Structure formats: C-alpha cells, structure tokens
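Next comes final_19.json, a file with JSON, C-alpha atoms.
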```
[["chain", "number", "residue", "atom", "x", "y", "z"],
["K", 1, "MET", "CA", 121.11, 81.65, 93.73],
["K", 2, "THR", "CA", 122.57, 84.42, 95.86],
["K", 3, "ASN", "CA", 125.58, 83.30, 97.87],
["K", 4, "ILE", "CA", 126.56, 85.33, 100.91],
["K", 5, "TYR", "CA", 129.76, 84.59, 102.82],
["K", 6, "LEU", "CA", 129.99, 86.04, 106.32],
["K", 7, "VAL", "CA", 133.25, 86.74, 108.13],
["K", 8, "ARG", "CA", 133.61, 88.16, 111.61],
["K", 9, "HIS", "CA", 136.64, 90.42, 111.97],
["K", 10, "GLY", "CA", 139.72, 88.95, 113.63],
["K", 11, "GLN", "CA", 140.48, 89.46, 117.30],
["K", 12, "SER", "CA", 140.93, 93.15, 118.08],
["K", 13, "THR", "CA", 143.16, 94.87, 120.59],
["K", 14, "LEU", "CA", 140.06, 95.51, 122.74],
["K", 15, "ASN", "CA", 138.66, 91.96, 122.55],
["K", 16, "VAL", "CA", 141.38, 90.86, 124.93],
["K", 17, "LYS", "CA", 140.48, 93.59, 127.44],
["K", 18, "ARG", "CA", 136.88, 92.32, 127.70],
["K", 19, "VAL", "CA", 135.28, 95.74, 127.58],
["K", 20, "TYR", "CA", 132.24, 97.02, 125.74],
["K", 21, "TYR", "CA", 133.30, 98.60, 122.49],
["K", 22, "GLY", "CA", 131.36, 99.20, 119.32],
["K", 23, "TRP", "CA", 132.38, 102.32, 117.46],
["K", 24, "THR", "CA", 135.79, 102.60, 119.15],
["K", 25, "ASP", "CA", 138.05, 102.25, 116.12],
["K", 26, "CYS", "CA", 140.70, 99.79, 117.25],
["K", 27, "GLY", "CA", 142.80, 97.59, 115.00],
["K", 28, "LEU", "CA", 143.59, 93.89, 115.01],
["K", 29, "SER", "CA", 145.76, 92.18, 117.60],
["K", 30, "GLU", "CA", 148.58, 89.89, 116.49],
["K", 31, "GLU", "CA", 146.19, 86.97, 116.93],
["K", 32, "GLY", "CA", 143.58, 88.82, 114.88],
["K", 33, "ILE", "CA", 146.03, 89.26, 112.02],
["K", 34, "LYS", "CA", 146.75, 85.52, 112.12],
["K", 35, "GLN", "CA", 143.02, 84.78, 112.06],
["K", 36, "ALA", "CA", 142.46, 87.08, 109.07],
["K", 37, "ASN", "CA", 145.31, 85.42, 107.19],
["K", 38, "TYR", "CA", 143.82, 82.03, 107.94],
["K", 39, "VAL", "CA", 140.45, 83.11, 106.52],
["K", 40, "LYS", "CA", 142.36, 84.45, 103.50],
["K", 41, "LYS", "CA", 143.81, 80.98, 103.01],
["K", 42, "ILE", "CA", 140.60, 78.98, 103.40],
["K", 43, "SER", "CA", 138.51, 81.40, 101.32],
["K", 44, "GLN", "CA", 140.76, 81.40, 98.24],
["K", 45, "ASN", "CA", 138.44, 79.02, 96.41],
["K", 46, "ILE", "CA", 135.30, 81.03, 97.14],
["K", 47, "ASP", "CA", 134.04, 82.60, 93.94],
["K", 48, "TYR", "CA", 132.83, 86.00, 95.15],
["K", 49, "GLU", "CA", 132.50, 89.13, 93.03],
["K", 50, "TYR", "CA", 131.94, 91.71, 95.75],
["K", 51, "LEU", "CA", 133.46, 92.33, 99.17],
["K", 52, "ILE", "CA", 131.55, 94.56, 101.60],
["K", 53, "SER", "CA", 133.02, 95.62, 104.94],
["K", 54, "SER", "CA", 132.24, 97.66, 107.99],
["K", 55, "PRO", "CA", 134.45, 100.78, 107.86],
["K", 56, "LEU", "CA", 135.79, 100.17, 111.39],
["K", 57, "LYS", "CA", 139.50, 99.28, 111.34],
["K", 58, "ARG", "CA", 139.19, 95.79, 112.81],
["K", 59, "ALA", "CA", 136.77, 94.78, 110.04],
["K", 60, "LEU", "CA", 138.43, 96.75, 107.24],
["K", 61, "ASN", "CA", 141.89, 95.37, 108.11],
["K", 62, "THR", "CA", 140.44, 91.86, 108.04],
["K", 63, "ALA", "CA", 138.82, 92.54, 104.65],
["K", 64, "GLN", "CA", 142.06, 93.96, 103.26],
["K", 65, "ILE", "CA", 143.97, 90.84, 104.26],
["K", 66, "ILE", "CA", 141.33, 88.53, 102.78],
["K", 67, "SER", "CA", 141.03, 90.49, 99.53],
["K", 68, "SER", "CA", 144.79, 90.40, 98.95],
["K", 69, "ALA", "CA", 144.40, 86.72, 98.08],
["K", 70, "LYS", "CA", 142.47, 87.34, 94.88],
["K", 71, "GLU", "CA", 141.20, 89.93, 92.47],
["K", 72, "ILE", "CA", 137.67, 91.21, 92.90],
["K", 73, "ILE", "CA", 135.39, 92.02, 89.96],
["K", 74, "ASN", "CA", 136.79, 94.44, 87.32],
["K", 75, "ASN", "CA", 140.30, 93.28, 88.18],
["K", 76, "ASN", "CA", 140.66, 95.51, 91.20],
["K", 77, "LYS", "CA", 140.59, 95.01, 94.93],
["K", 78, "GLU", "CA", 137.83, 97.42, 95.79],
["K", 79, "ILE", "CA", 136.26, 96.96, 99.20],
["K", 80, "ILE", "CA", 132.79, 98.45, 99.52],
["K", 81, "LEU", "CA", 132.37, 100.18, 102.89],
["K", 82, "ASP", "CA", 128.94, 100.46, 104.49],
["K", 83, "ASP", "CA", 128.24, 102.31, 107.74],
["K", 84, "ARG", "CA", 125.08, 100.29, 108.29],
["K", 85, "ILE", "CA", 127.13, 97.23, 109.27],
["K", 86, "LYS", "CA", 129.15, 98.94, 111.98],
["K", 87, "GLU", "CA", 128.84, 97.37, 115.42],
["K", 88, "ILE", "CA", 126.40, 98.84, 117.96],
["K", 89, "ASN", "CA", 127.38, 102.21, 119.40],
["K", 90, "PHE", "CA", 127.83, 101.90, 123.17],
["K", 91, "GLY", "CA", 128.15, 105.67, 123.58],
["K", 92, "ASP", "CA", 129.43, 106.62, 127.04],
["K", 93, "TRP", "CA", 129.89, 102.94, 127.88],
["K", 94, "GLU", "CA", 132.61, 102.42, 125.28],
["K", 95, "ASN", "CA", 135.79, 100.90, 126.75],
["K", 96, "LYS", "CA", 134.13, 100.08, 130.07],
["K", 97, "SER", "CA", 133.81, 96.60, 131.54],
["K", 98, "PHE", "CA", 130.58, 95.09, 132.86],
["K", 99, "LYS", "CA", 131.99, 95.42, 136.39],
["K", 100, "GLN", "CA", 132.67, 99.12, 135.87],
["K", 101, "LEU", "CA", 129.12, 99.67, 134.65],
["K", 102, "GLN", "CA", 127.73, 97.66, 137.57],
["K", 103, "ASP", "CA", 129.65, 99.85, 139.99],
["K", 104, "LEU", "CA", 128.03, 102.94, 138.49],
["K", 105, "ASN", "CA", 124.67, 101.47, 139.54],
["K", 106, "SER", "CA", 122.91, 103.96, 137.31],
["K", 107, "ASP", "CA", 119.22, 103.85, 136.46],
["K", 108, "ILE", "CA", 119.97, 103.59, 132.74],
["K", 109, "PHE", "CA", 122.31, 100.63, 133.22],
["K", 110, "ASN", "CA", 119.79, 98.80, 135.41],
["K", 111, "LYS", "CA", 117.08, 99.49, 132.84],
["K", 112, "TRP", "CA", 119.37, 98.21, 130.04],
["K", 113, "CYS", "CA", 119.93, 94.94, 131.94],
["K", 114, "ILE", "CA", 116.16, 94.43, 132.06],
["K", 115, "ASP", "CA", 115.22, 95.78, 128.61],
["K", 116, "TRP", "CA", 118.34, 95.39, 126.48],
["K", 117, "LYS", "CA", 116.41, 95.59, 123.22],
["K", 118, "ASN", "CA", 114.97, 99.06, 123.66],
["K", 119, "THR", "CA", 117.31, 100.81, 126.11],
["K", 120, "ALA", "CA", 120.25, 102.78, 124.72],
["K", 121, "PRO", "CA", 123.42, 103.70, 126.63],
["K", 122, "PRO", "CA", 123.91, 107.46, 127.09],
["K", 123, "CYS", "CA", 124.94, 108.93, 123.71],
["K", 124, "GLY", "CA", 124.70, 105.44, 122.18],
["K", 125, "GLU", "CA", 122.11, 103.33, 120.41],
["K", 126, "SER", "CA", 119.75, 100.56, 121.42],
["K", 127, "PHE", "CA", 119.67, 97.05, 120.01],
["K", 128, "ILE", "CA", 116.54, 98.02, 118.07],
["K", 129, "ASP", "CA", 118.46, 100.91, 116.48],
["K", 130, "LEU", "CA", 121.17, 98.46, 115.42],
["K", 131, "TYR", "CA", 118.61, 95.92, 114.23],
["K", 132, "LYS", "CA", 116.80, 98.44, 112.02],
["K", 133, "ARG", "CA", 119.92, 99.65, 110.23],
["K", 134, "VAL", "CA", 121.27, 96.12, 109.67],
["K", 135, "VAL", "CA", 117.89, 94.98, 108.31],
["K", 136, "GLN", "CA", 117.93, 97.99, 105.96],
["K", 137, "PHE", "CA", 121.38, 96.90, 104.78],
["K", 138, "THR", "CA", 120.24, 93.27, 104.36],
["K", 139, "LYS", "CA", 117.25, 94.27, 102.23],
["K", 140, "HIS", "CA", 119.59, 96.36, 100.07],
["K", 141, "LEU", "CA", 122.01, 93.43, 99.86],
["K", 142, "THR", "CA", 119.47, 90.87, 98.67],
["K", 143, "ASP", "CA", 118.00, 93.32, 96.16],
["K", 144, "LYS", "CA", 121.14, 94.85, 94.64],
["K", 145, "TYR", "CA", 123.24, 91.68, 94.66],
["K", 146, "LYS", "CA", 120.57, 89.17, 93.67],
["K", 147, "ASP", "CA", 122.16, 86.08, 92.05],
["K", 148, "GLU", "CA", 125.64, 87.36, 92.92],
["K", 149, "ASN", "CA", 128.30, 86.06, 95.29],
["K", 150, "VAL", "CA", 129.15, 88.48, 98.09],
["K", 151, "LEU", "CA", 131.58, 88.29, 101.00],
["K", 152, "ILE", "CA", 130.81, 90.45, 104.03],
["K", 153, "VAL", "CA", 133.25, 91.31, 106.81],
["K", 154, "ALA", "CA", 131.54, 92.72, 109.87],
["K", 155, "HIS", "CA", 130.91, 92.25, 113.59],
["K", 156, "GLN", "CA", 129.34, 89.56, 115.73],
["K", 157, "GLY", "CA", 126.15, 91.52, 116.42],
["K", 158, "VAL", "CA", 125.71, 92.51, 112.78],
["K", 159, "LEU", "CA", 126.18, 88.98, 111.45],
["K", 160, "ARG", "CA", 123.70, 87.60, 113.97],
["K", 161, "ILE", "CA", 121.07, 90.06, 112.76],
["K", 162, "ILE", "CA", 121.69, 89.35, 109.07],
["K", 163, "VAL", "CA", 121.12, 85.64, 109.56],
["K", 164, "SER", "CA", 118.22, 86.08, 111.99],
["K", 165, "TYR", "CA", 116.43, 88.35, 109.55],
["K", 166, "LEU", "CA", 117.02, 86.17, 106.49],
["K", 167, "LEU", "CA", 115.72, 83.12, 108.37],
["K", 168, "LYS", "CA", 112.63, 85.14, 109.37],
["K", 169, "LEU", "CA", 113.46, 84.79, 113.08],
["K", 170, "ASN", "CA", 113.53, 88.57, 113.49],
["K", 171, "GLU", "CA", 115.17, 90.03, 116.61],
["K", 172, "ASP", "CA", 114.23, 87.03, 118.75],
["K", 173, "GLY", "CA", 116.69, 84.87, 116.79],
["K", 174, "TYR", "CA", 119.65, 87.06, 117.69],
["K", 175, "TRP", "CA", 121.12, 84.82, 120.42],
["K", 176, "ASN", "CA", 120.77, 81.62, 118.37],
["K", 177, "PHE", "CA", 123.96, 82.19, 116.40],
["K", 178, "GLU", "CA", 127.64, 82.52, 117.26],
["K", 179, "PHE", "CA", 130.17, 83.70, 114.70],
["K", 180, "GLU", "CA", 133.72, 82.71, 115.56],
["K", 181, "GLN", "CA", 136.80, 84.64, 114.57],
["K", 182, "GLY", "CA", 139.09, 82.96, 112.04],
["K", 183, "THR", "CA", 136.21, 81.26, 110.21],
["K", 184, "TYR", "CA", 133.64, 81.97, 107.51],
["K", 185, "SER", "CA", 129.97, 81.08, 107.16],
["K", 186, "HIS", "CA", 127.94, 80.59, 103.98],
["K", 187, "ILE", "CA", 124.26, 81.24, 103.40],
["K", 188, "GLN", "CA", 122.35, 80.83, 100.17],
["K", 189, "ILE", "CA", 119.14, 82.49, 99.00],
["K", 190, "ASP", "CA", 117.11, 80.94, 96.20],
["K", 191, "GLU", "CA", 114.67, 82.47, 93.72],
["K", 192, "ARG", "CA", 111.83, 82.19, 96.28],
["K", 193, "ASN", "CA", 113.90, 84.17, 98.83],
["K", 194, "HIS", "CA", 114.29, 81.01, 100.90],
["K", 195, "CYS", "CA", 117.48, 81.18, 102.98],
["K", 196, "THR", "CA", 119.58, 78.08, 103.65],
["K", 197, "ILE", "CA", 122.61, 77.90, 105.93],
["K", 198, "LYS", "CA", 125.25, 75.97, 103.99],
["K", 199, "CYS", "CA", 127.87, 76.15, 106.74],
["K", 200, "LEU", "CA", 128.63, 78.01, 109.96],
["K", 201, "ASN", "CA", 132.13, 78.79, 111.24],
["K", 202, "ARG", "CA", 134.00, 76.76, 108.65],
["K", 203, "ARG", "CA", 137.69, 76.41, 109.40]]
```
Please express what this file holds, its structure, as structure tokens.
Amino acid sequence: MTNIYLVRHGQSTLNVKRVYYGWTDCGLSEEGIKQANYVKKISQNIDYEYLISSPLKRALNTAQIISSAKEIINNNKEIILDDRIKEINFGDWENKSFKQLQDLNSDIFNKWCIDWKNTAPPCGESFIDLYKRVVQFTKHLTDKYKDENVLIVAHQGVLRIIVSYLLKLNEDGYWNFEFEQGTYSHIQIDERNHCTIKCLNRR
C-alpha cells in the first residue's frame, strides 16, 4: 500500500485579504501558525518517511512546523521541495480582488469567467497548465514512492487535482473536494492502483 497524507498550508497573510494570489510568496498569519502547530500535534502518530512541500513560504513554513515533531527517514528533517505543486500563477492578477478585476472589465477577464479551464491571466497560467504539472507530479509520486508513506504540504488547488486525478475524475472532479486548513487528509493506493479516501479534513 502507498499512503499519501495531504495537508493544505495554514492561513496566509493574504488569505485574510481575499485576493487572488498564487505565486506571491507570503508567509503564514498568526492563525496559520496555530493551524500548522495543530496539524503537527495530530499528525505525530502518522508513520511517514518522506515529506514533500511546495517551495512557497506558506507551504514550506507549514511543513517545517509539522516536521519538527518527528524525524524523517535517515534521521534528518529533510523537506523535499517540488515546484510542480506550487499554486496556480495568477500573473498580473496577483493580489487583486474579484471586484478589482470586475472593474477592469477586460476581454481576458470576461473570457476567463466563461472558460476558466483554458484561459490564462496575463503573464499567468491557465487551470489546464496547473492541471498538467500537478498530474506530472502525481505520476512521479505514485511511481517513485510506491509502497511508501508520504506527507505532502501544498495548496488547495493542487490537492484537489491530486485527488481528482487519482480517483480518475480528471479535471471535472476539481470542485468536488475542499481541503480545510488545520487538518490532514489520507488517501491509500493499493497494488492495483486503486485509490481509496481513508479520511478528509481530519482534525
């Protein structure tokens, strides 16, 4: 069995501002630090050998807090960073609210509202771009870490894609899952590559 534990980063300083942000490299808020410490507490009994994180500060800081609870394989606290599990890049729309983008009334924004899968913000990436790189990561994950226990700290969009892909729902399953901050989820993959959700948003 391959056991994969999924953790969404704690609340960030930009979560509270309710703006679009993907690659903007903000850290955790005070509440986010509390959430990460809570996941550290409830995940102490999880027997994982590897910890993989998005390199963005809000995810990496969360991973660092969680990993301080125990030693990872080889008696160190190595966190494996992978750019493929960064959040979507909103390009020129980073740090802007939905209202601000509405007020721009641009052709690209209106097109994005209609075709959110294929339309990319200026200097950013589309959902399909995100989907392809996360699927590439997921294939690598299930191949390289077969029969291992892995904990992943990433972003809401990334975690949704990982689970959607493993359940063979593809991109249409994206909106069927919600990953809450301050929790962890557990999925298991058997020798037939059948994926089972063992728990979602465990507190």
- request: Would you mind listing what lies within 7 Å of Tyr5 (chain K) as a PyMOL selection string, with all atoms listed in the file counted and same-chain residues fewer than 2 positions away left out?
  value: chain K and resi 3+7+150-152+184-187
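Minimum distance to Glu125 (chain K) across K:Gly91, K:Pro55, K:Gly173, K:Gly157 (counting only C-alpha atoms) occurs at K:Gly91.
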Note to self: Can you pull out the residues contacting Ile88 (chain K)? Cut-off 12 Å, using all atoms listed in the file, and skip same-chain residues under 6 positions away; I want them as a PyMOL selection string.
What the structure shows: chain K and resi 20-24+54+56+94+117+120-121+123-134+154-159+161
Determine, counting all atoms listed in the file, every residue of protein, DNA or RNA that lies within 12 Å of (147.5, 86.7, 118.1) in the file coordinates, then give the result as a CSV table (one decimal) with C-alpha atoms, keeping the file's coordinate frame.
```
chain,number,residue,atom,x,y,z
K,10,GLY,CA,139.7,89.0,113.6
K,11,GLN,CA,140.5,89.5,117.3
K,12,SER,CA,140.9,93.2,118.1
K,13,THR,CA,143.2,94.9,120.6
K,15,ASN,CA,138.7,92.0,122.6
K,16,VAL,CA,141.4,90.9,124.9
K,28,LEU,CA,143.6,93.9,115.0
K,29,SER,CA,145.8,92.2,117.6
K,30,GLU,CA,148.6,89.9,116.5
K,31,GLU,CA,146.2,87.0,116.9
K,32,GLY,CA,143.6,88.8,114.9
K,33,ILE,CA,146.0,89.3,112.0
K,34,LYS,CA,146.8,85.5,112.1
K,35,GLN,CA,143.0,84.8,112.1
K,36,ALA,CA,142.5,87.1,109.1
K,37,ASN,CA,145.3,85.4,107.2
K,38,TYR,CA,143.8,82.0,107.9
K,181,GLN,CA,136.8,84.6,114.6
K,182,GLY,CA,139.1,83.0,112.0
```
| message | From (139.1, 75.1, 114.9), in the file's coordinates, out to 9 Å: which residues are reached, counting only C-alpha atoms? Answer as a list in words. | response | Gly182, Thr183, Asn201, Arg202 and Arg203 of chain K
Could you turn the residues from that selection into a file that holds C-alpha atoms, as an mmCIF file, in the coordinates of the input?
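Saved result, selection_9.cif, follows:
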```
data_model
loop_
_atom_site.group_PDB
_atom_site.id
_atom_site.type_symbol
_atom_site.label_atom_id
_atom_site.label_comp_id
_atom_site.auth_asym_id
_atom_site.auth_seq_id
_atom_site.Cartn_x
_atom_site.Cartn_y
_atom_site.Cartn_z
ATOM 1 C CA GLY K 182 139.090 82.960 112.040
ATOM 2 C CA THR K 183 136.210 81.260 110.210
ATOM 3 C CA ASN K 201 132.130 78.790 111.240
ATOM 4 C CA ARG K 202 134.000 76.760 108.650
ATOM 5 C CA ARG K 203 137.690 76.410 109.400
#
```
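Atom pair CA of Ala69 (chain K) / CA of Ile46 (chain K): separated by 10.8 Å.
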N, CA and C atoms of region 185-200 of chain K, written as a PDB file, in the first residue's frame:
```pdb
ATOM      1  N   SER K 185      -5.622  15.025   5.349  1.00  0.00           N
ATOM      2  CA  SER K 185      -6.413  14.009   4.667  1.00  0.00           C
ATOM      3  C   SER K 185      -5.506  12.837   4.321  1.00  0.00           C
ATOM      4  N   HIS K 186      -6.106  11.653   4.173  1.00  0.00           N
ATOM      5  CA  HIS K 186      -5.327  10.433   3.951  1.00  0.00           C
ATOM      6  C   HIS K 186      -5.935   9.653   2.803  1.00  0.00           C
ATOM      7  N   ILE K 187      -5.115   9.367   1.796  1.00  0.00           N
ATOM      8  CA  ILE K 187      -5.550   8.505   0.703  1.00  0.00           C
ATOM      9  C   ILE K 187      -4.593   7.327   0.603  1.00  0.00           C
ATOM     10  N   GLN K 188      -5.118   6.223   0.122  1.00  0.00           N
ATOM     11  CA  GLN K 188      -4.330   4.989   0.049  1.00  0.00           C
ATOM     12  C   GLN K 188      -4.450   4.392  -1.349  1.00  0.00           C
ATOM     13  N   ILE K 189      -3.341   3.913  -1.876  1.00  0.00           N
ATOM     14  CA  ILE K 189      -3.318   3.324  -3.209  1.00  0.00           C
ATOM     15  C   ILE K 189      -2.824   1.887  -3.089  1.00  0.00           C
ATOM     16  N   ASP K 190      -3.613   0.941  -3.591  1.00  0.00           N
ATOM     17  CA  ASP K 190      -3.227  -0.465  -3.459  1.00  0.00           C
ATOM     18  C   ASP K 190      -2.415  -0.933  -4.659  1.00  0.00           C
ATOM     19  N   GLU K 191      -2.112  -2.226  -4.679  1.00  0.00           N
ATOM     20  CA  GLU K 191      -1.253  -2.780  -5.724  1.00  0.00           C
ATOM     21  C   GLU K 191      -1.888  -2.729  -7.119  1.00  0.00           C
ATOM     22  N   ARG K 192      -3.199  -2.535  -7.178  1.00  0.00           N
ATOM     23  CA  ARG K 192      -3.897  -2.407  -8.473  1.00  0.00           C
ATOM     24  C   ARG K 192      -4.045  -0.941  -8.890  1.00  0.00           C
ATOM     25  N   ASN K 193      -3.398  -0.045  -8.148  1.00  0.00           N
ATOM     26  CA  ASN K 193      -3.504   1.403  -8.367  1.00  0.00           C
ATOM     27  C   ASN K 193      -4.915   1.917  -8.108  1.00  0.00           C
ATOM     28  N   HIS K 194      -5.639   1.214  -7.255  1.00  0.00           N
ATOM     29  CA  HIS K 194      -6.969   1.672  -6.841  1.00  0.00           C
ATOM     30  C   HIS K 194      -6.805   2.633  -5.667  1.00  0.00           C
ATOM     31  N   CYS K 195      -7.402   3.808  -5.791  1.00  0.00           N
ATOM     32  CA  CYS K 195      -7.266   4.848  -4.763  1.00  0.00           C
ATOM     33  C   CYS K 195      -8.489   4.866  -3.853  1.00  0.00           C
ATOM     34  N   THR K 196      -8.244   4.874  -2.549  1.00  0.00           N
ATOM     35  CA  THR K 196      -9.312   4.945  -1.556  1.00  0.00           C
ATOM     36  C   THR K 196      -9.081   6.144  -0.644  1.00  0.00           C
ATOM     37  N   ILE K 197     -10.119   6.936  -0.426  1.00  0.00           N
ATOM     38  CA  ILE K 197     -10.024   8.027   0.540  1.00  0.00           C
ATOM     39  C   ILE K 197     -10.281   7.459   1.926  1.00  0.00           C
ATOM     40  N   LYS K 198      -9.277   7.507   2.780  1.00  0.00           N
ATOM     41  CA  LYS K 198      -9.415   6.993   4.145  1.00  0.00           C
ATOM     42  C   LYS K 198     -10.014   8.047   5.062  1.00  0.00           C
ATOM     43  N   CYS K 199      -9.658   9.310   4.844  1.00  0.00           N
ATOM     44  CA  CYS K 199     -10.290  10.395   5.608  1.00  0.00           C
ATOM     45  C   CYS K 199     -10.022  11.713   4.889  1.00  0.00           C
ATOM     46  N   LEU K 200     -10.951  12.658   5.082  1.00  0.00           N
ATOM     47  CA  LEU K 200     -10.789  14.007   4.558  1.00  0.00           C
ATOM     48  C   LEU K 200     -10.914  14.999   5.710  1.00  0.00           C
TER      49      LEU K 200
END
```
